[in-house]
Amino acid sequence: MDRLDHLNPPQRDAALTLKGPVLVLAGAGTGKTRVITHRMVELIRSGVPADRILSVTFTNKAAGEMLERTIHLLGKQLKPRPFISTFHALCVRILRQEIHHLGYPPAFVIYDRGDQESAARKAMRDIRLGEKSIRPGDLLSIISRWKMQAVQPEEASSVAEDDQELMAASAYRRYQQNLKASGAVDFDDLLLLTVKLFHDFPDVLTRWQQRFLYVQIDEYQDTNGIQFSLIESLVRPHKNLCVVGDDDQSIYGWRGAEVEHILGFHKVFPGAKVVRLQDNYRCTEAILKVANRLVKHNKNRHDKQLIAHKETSDPVRMRSFPDEQKEAEFVAADMAYQISELNVQPNDMAILFRTNEQPRIFEQELRKRRLPYIVVGAQSFFDRREIRDVMAYLKVLSQPDDEMSLLRIINTPSRGIGESSVEKLLAQAVRQRKKLWEVVPDAAASGEISAGIANSLKDFSGLLGRYRERLQSDPRKMSDIVQGLLTEIDYESEINKQYKEPNQQLARVESLNQIMDSMKLYIDQADKPSLAEFLEQSTLNDQFSQPDKKDEKAQKGIKLMTLHSAKGLEFPHVYLVGLEEGILPHHRSLIENTIDEERRLTYVGVTRARDYLTITHAKTRMKWGRKKDSLPSRFIYEMIGKEVPPALLAAAAGER
DNA sequence: AAGGAGGGTTTTTTT
DNA sequence: AACCCTCCTT
């Protein structure tokens, strides 16, 4: 039992309760993840084959770290390994093996956010109700909400509550058909289809129930309905389930996370053992005090008494600035000081913010001072046009049926296949219920498209076929082959045409190199590399944003991230910036009445700090090119224990 | 078919 | 300010 020595008694208790349902309700910084890790170690030591153990984490990064730590604690390499992954990666694993039951090809591609948007656009074509139509973004969030509630496309129109949802329902049906025809699934499908699979094919479910005899879930407070039902069905026979979470850190309500899952755990799993952890080993007393004072303002919560175990050091700093420029200058200057005078590692510092438009100005200031930084949060990278293009090429190579991606690249770089020709082919294909490629000969013969265009199409299809073949026969050379393809189509000229400035051109080519690097990295670490798996990892992992190079230099930098992506992390120095009404709490939360979740989000931010916390706000801020007044966040008042001025609340309410 | 100008719109948060 | 869409010119 020696290895359990550095767990406190409640942690040990939870980690040692191997049978039956266990709920670990714990505050921030109390070692929740550690409980799961030790529990796995105990299971393995007691003779449970490691591959019969499943642990679900919130990010792939967390999964990797947990696996590493488990191996470290066991002090030996593991022959079978425990299955540690996110819900999504778990579902991919199951679906690769089982999805044929649902009529999808095992080589399905996964659509990311951008792909989903194109798919939504396509699905909505000529769906309207009178004058009204839906924006793709709105459609996607409605579809996503339905999927989270396990609403199948056929049922959608019966649950639709207004005109917009009625339109969305028919778009949903079409959207889903399109995806299926393209051999594609979106993020939500990964969960939805797995649940459907388990529901419709009991023998498949039985097989997976037998595969995982012990299940752990981290960050349980952010589990949504469909994830819950997935886990519930997996553990139904044995109920060996240990979940760990903190209702005060529930920040994904907008994605269907329901605090009820954690608060009502004992109802679904009667006799569940409940363990509370309240010894905080992360934060200083000053930081914890601020956090506690803040979160006390939430009504619906388990009242927890978090006990600090660190000596008090510096008080929490609160700073106010005339505008966001000054705010960023201060943070950068302070960080430079910490690094040069106090010998703080850049790695140990983080800037946390609410929205993705905020980091830009901090990046500028950090760059001016030549401080190393890393912006965590993949979005922007995958949004770049050149990345989307290359990924579309890869997807089409991997899954020839993926017409969404095909349409993106069919004329990129331009090969004379214009919009109207594509339109004609598409219309023809829909009419005959065929693939786009299949109608080309007919369309050429009937003169619907010109001979020249038919020729271009033939060349293009030949090109894809050639590279597809090469990739299949020699996947280890994948990066060379893809590089060859990019050279052959002369994508670089496309970039140079697209962007006039040499700097831009260089940067764009550089991001292509990043893809190639990451592909090489993937090939090196994969047992049996395949393009499909590479695509899967890059959509699921966001590994481009943090190149996974084991050598430090890539990782050594100040971290810039949203509060949402900071979840589960900790830093000695935290700068929580932009604490202003309208940002944090975000003005959307005033409309949607989700202030409590904004407060929890702030709580998460505060409790990321181990030793030093700086909270800043600006009094004015540019918005849509115009300067606007900005009031200090109500949360600042709550944290320092002052009453929020009624005038501030009134102003914020009027603002929306 | 392709490129550019002008005008309208936009902003939460992410696996 | 940044992005997307539409329309206009070549």
# chains A, B, ... in the order shown; residues from 1 in each chain; ligands from 1

call {"tool": "closest_atom_pairs", "arguments": {"of": "chain A", "to": "chain B", "cutoff": "8 Å", "atoms": "only C-alpha atoms (C1' of nucleotides)", "output": "CSV"}}
result
residue,atom,partner,partner_atom,distance
A:Phe58,CA,B:DT15,C1',7.8
A:Thr59,CA,B:DT15,C1',7.5
A:Thr86,CA,B:DT15,C1',8.0
A:His88,CA,B:DT15,C1',6.7
A:Phe187,CA,B:DT15,C1',7.2
A:Tyr252,CA,B:DT13,C1',7.8
A:Arg354,CA,B:DT13,C1',7.5
A:Thr355,CA,B:DT12,C1',6.1
A:Gly416,CA,B:DA1,C1',7.1
A:Gly418,CA,B:DA1,C1',6.1
A:Leu540,CA,B:DT15,C1',7.3
A:His564,CA,B:DT13,C1',6.4
A:His586,CA,B:DT12,C1',7.0
A:Arg588,CA,B:DT12,C1',7.3

call {"tool": "write_last_selection", "arguments": {"atoms": "N, CA, C and O atoms", "output": "PDB file, in the first residue's frame"}}
result
ATOM      1  N   PHE A  58     -11.500  14.660 -19.865  1.00  0.00           N
ATOM      2  CA  PHE A  58     -12.145  15.697 -20.656  1.00  0.00           C
ATOM      3  C   PHE A  58     -11.376  16.041 -21.924  1.00  0.00           C
ATOM      4  O   PHE A  58     -11.958  16.394 -22.931  1.00  0.00           O
ATOM      5  N   THR A  59     -10.062  15.947 -21.866  1.00  0.00           N
ATOM      6  CA  THR A  59      -9.259  16.223 -23.063  1.00  0.00           C
ATOM      7  C   THR A  59      -8.293  15.072 -23.301  1.00  0.00           C
ATOM      8  O   THR A  59      -8.000  14.303 -22.392  1.00  0.00           O
ATOM      9  N   THR A  86     -11.031  10.444 -24.045  1.00  0.00           N
ATOM     10  CA  THR A  86     -12.225  11.272 -23.979  1.00  0.00           C
ATOM     11  C   THR A  86     -13.429  10.450 -24.436  1.00  0.00           C
ATOM     12  O   THR A  86     -13.265   9.384 -25.030  1.00  0.00           O
ATOM     13  N   HIS A  88     -15.243  11.184 -26.865  1.00  0.00           N
ATOM     14  CA  HIS A  88     -15.228  11.130 -28.318  1.00  0.00           C
ATOM     15  C   HIS A  88     -14.277  10.066 -28.841  1.00  0.00           C
ATOM     16  O   HIS A  88     -14.616   9.307 -29.744  1.00  0.00           O
ATOM     17  N   PHE A 187     -18.962  15.654 -34.748  1.00  0.00           N
ATOM     18  CA  PHE A 187     -18.568  15.372 -33.371  1.00  0.00           C
ATOM     19  C   PHE A 187     -19.699  14.753 -32.561  1.00  0.00           C
ATOM     20  O   PHE A 187     -19.503  13.804 -31.809  1.00  0.00           O
ATOM     21  N   TYR A 252     -20.119  23.823 -18.735  1.00  0.00           N
ATOM     22  CA  TYR A 252     -20.535  23.437 -20.077  1.00  0.00           C
ATOM     23  C   TYR A 252     -22.041  23.234 -20.185  1.00  0.00           C
ATOM     24  O   TYR A 252     -22.505  22.406 -20.955  1.00  0.00           O
ATOM     25  N   ARG A 354     -12.026  35.309 -21.330  1.00  0.00           N
ATOM     26  CA  ARG A 354     -13.332  34.736 -21.593  1.00  0.00           C
ATOM     27  C   ARG A 354     -13.531  34.351 -23.064  1.00  0.00           C
ATOM     28  O   ARG A 354     -14.025  33.291 -23.395  1.00  0.00           O
ATOM     29  N   THR A 355     -13.173  35.272 -23.973  1.00  0.00           N
ATOM     30  CA  THR A 355     -13.482  35.030 -25.384  1.00  0.00           C
ATOM     31  C   THR A 355     -12.222  35.015 -26.244  1.00  0.00           C
ATOM     32  O   THR A 355     -11.173  35.526 -25.847  1.00  0.00           O
ATOM     33  N   GLY A 416     -10.131  25.391 -63.801  1.00  0.00           N
ATOM     34  CA  GLY A 416     -11.126  25.676 -64.823  1.00  0.00           C
ATOM     35  C   GLY A 416     -12.496  25.063 -64.604  1.00  0.00           C
ATOM     36  O   GLY A 416     -13.357  25.123 -65.468  1.00  0.00           O
ATOM     37  N   GLY A 418     -15.617  25.595 -63.023  1.00  0.00           N
ATOM     38  CA  GLY A 418     -16.304  26.702 -62.374  1.00  0.00           C
ATOM     39  C   GLY A 418     -17.554  26.303 -61.637  1.00  0.00           C
ATOM     40  O   GLY A 418     -18.002  25.163 -61.689  1.00  0.00           O
ATOM     41  N   LEU A 540      -9.562  15.261 -33.556  1.00  0.00           N
ATOM     42  CA  LEU A 540      -9.903  15.023 -32.159  1.00  0.00           C
ATOM     43  C   LEU A 540      -8.944  15.695 -31.182  1.00  0.00           C
ATOM     44  O   LEU A 540      -9.327  16.093 -30.100  1.00  0.00           O
ATOM     45  N   HIS A 564     -12.437  28.280 -20.449  1.00  0.00           N
ATOM     46  CA  HIS A 564     -12.915  26.923 -20.689  1.00  0.00           C
ATOM     47  C   HIS A 564     -11.763  25.955 -20.918  1.00  0.00           C
ATOM     48  O   HIS A 564     -11.775  24.838 -20.414  1.00  0.00           O
ATOM     49  N   HIS A 586     -20.406  37.418 -19.603  1.00  0.00           N
ATOM     50  CA  HIS A 586     -20.637  37.746 -20.996  1.00  0.00           C
ATOM     51  C   HIS A 586     -22.069  38.251 -21.173  1.00  0.00           C
ATOM     52  O   HIS A 586     -22.974  37.757 -20.506  1.00  0.00           O
ATOM     53  N   ARG A 588     -24.222  37.773 -23.328  1.00  0.00           N
ATOM     54  CA  ARG A 588     -25.186  36.743 -23.706  1.00  0.00           C
ATOM     55  C   ARG A 588     -25.762  36.033 -22.480  1.00  0.00           C
ATOM     56  O   ARG A 588     -26.895  35.575 -22.475  1.00  0.00           O
TER      57      ARG A 588
END

call {"tool": "closest_atom_pairs", "arguments": {"of": "chain C", "to": "chain A", "cutoff": "12 Å", "atoms": "only C-alpha atoms (C1' of nucleotides)", "output": "JSON lines"}}
result
{"residue": "C:DA1", "atom": "C1'", "partner": "A:Gly625", "partner_atom": "CA", "distance": 5.4}
{"residue": "C:DA2", "atom": "C1'", "partner": "A:Trp624", "partner_atom": "CA", "distance": 9.0}
{"residue": "C:DC3", "atom": "C1'", "partner": "A:Trp624", "partner_atom": "CA", "distance": 12.0}

call {"tool": "select_by_dssp", "arguments": {"residues": "range 453-552 of chain A", "states": "alpha helix (DSSP H)", "output": "PyMOL selection string"}}
result
chain A and resi 453-473+478-488+491-498+502-525+531-541

call {"tool": "atom_distance", "arguments": {"atom1": "CA of Val440 in chain A", "atom2": "CA of Asp459 in chain A"}}
result
12.3 Å

call {"tool": "select_by_dssp", "arguments": {"residues": "range 188-317 of chain A", "states": "strand (DSSP E)", "output": "list in words"}}
result
Tyr214, Val215, Gln216, Ile217, Leu241, Cys242, Val243, Val244, Gly245, Lys273, Val274, Val275, Arg276, Leu277, Asp279, Asn280, Ile307, Ala308 and Arg317 of chain A

call {"tool": "atom_distance", "arguments": {"atom1": "CA of Gly654 in chain A", "atom2": "CA of Glu581 in chain A"}}
result
11.7 Å

call {"tool": "atom_distance", "arguments": {"atom1": "CA of Gln399 in chain A", "atom2": "CA of Asp474 in chain A"}}
result
17.0 Å

call {"tool": "residues_around", "arguments": {"residues": "Lys239 in chain A", "least_positions_apart": "6", "cutoff": "10 Å", "atoms": "only C-alpha atoms (C1' of nucleotides)", "output": "ChimeraX atom specification"}}
result
/A:19-22,213-215,231-233,269,272
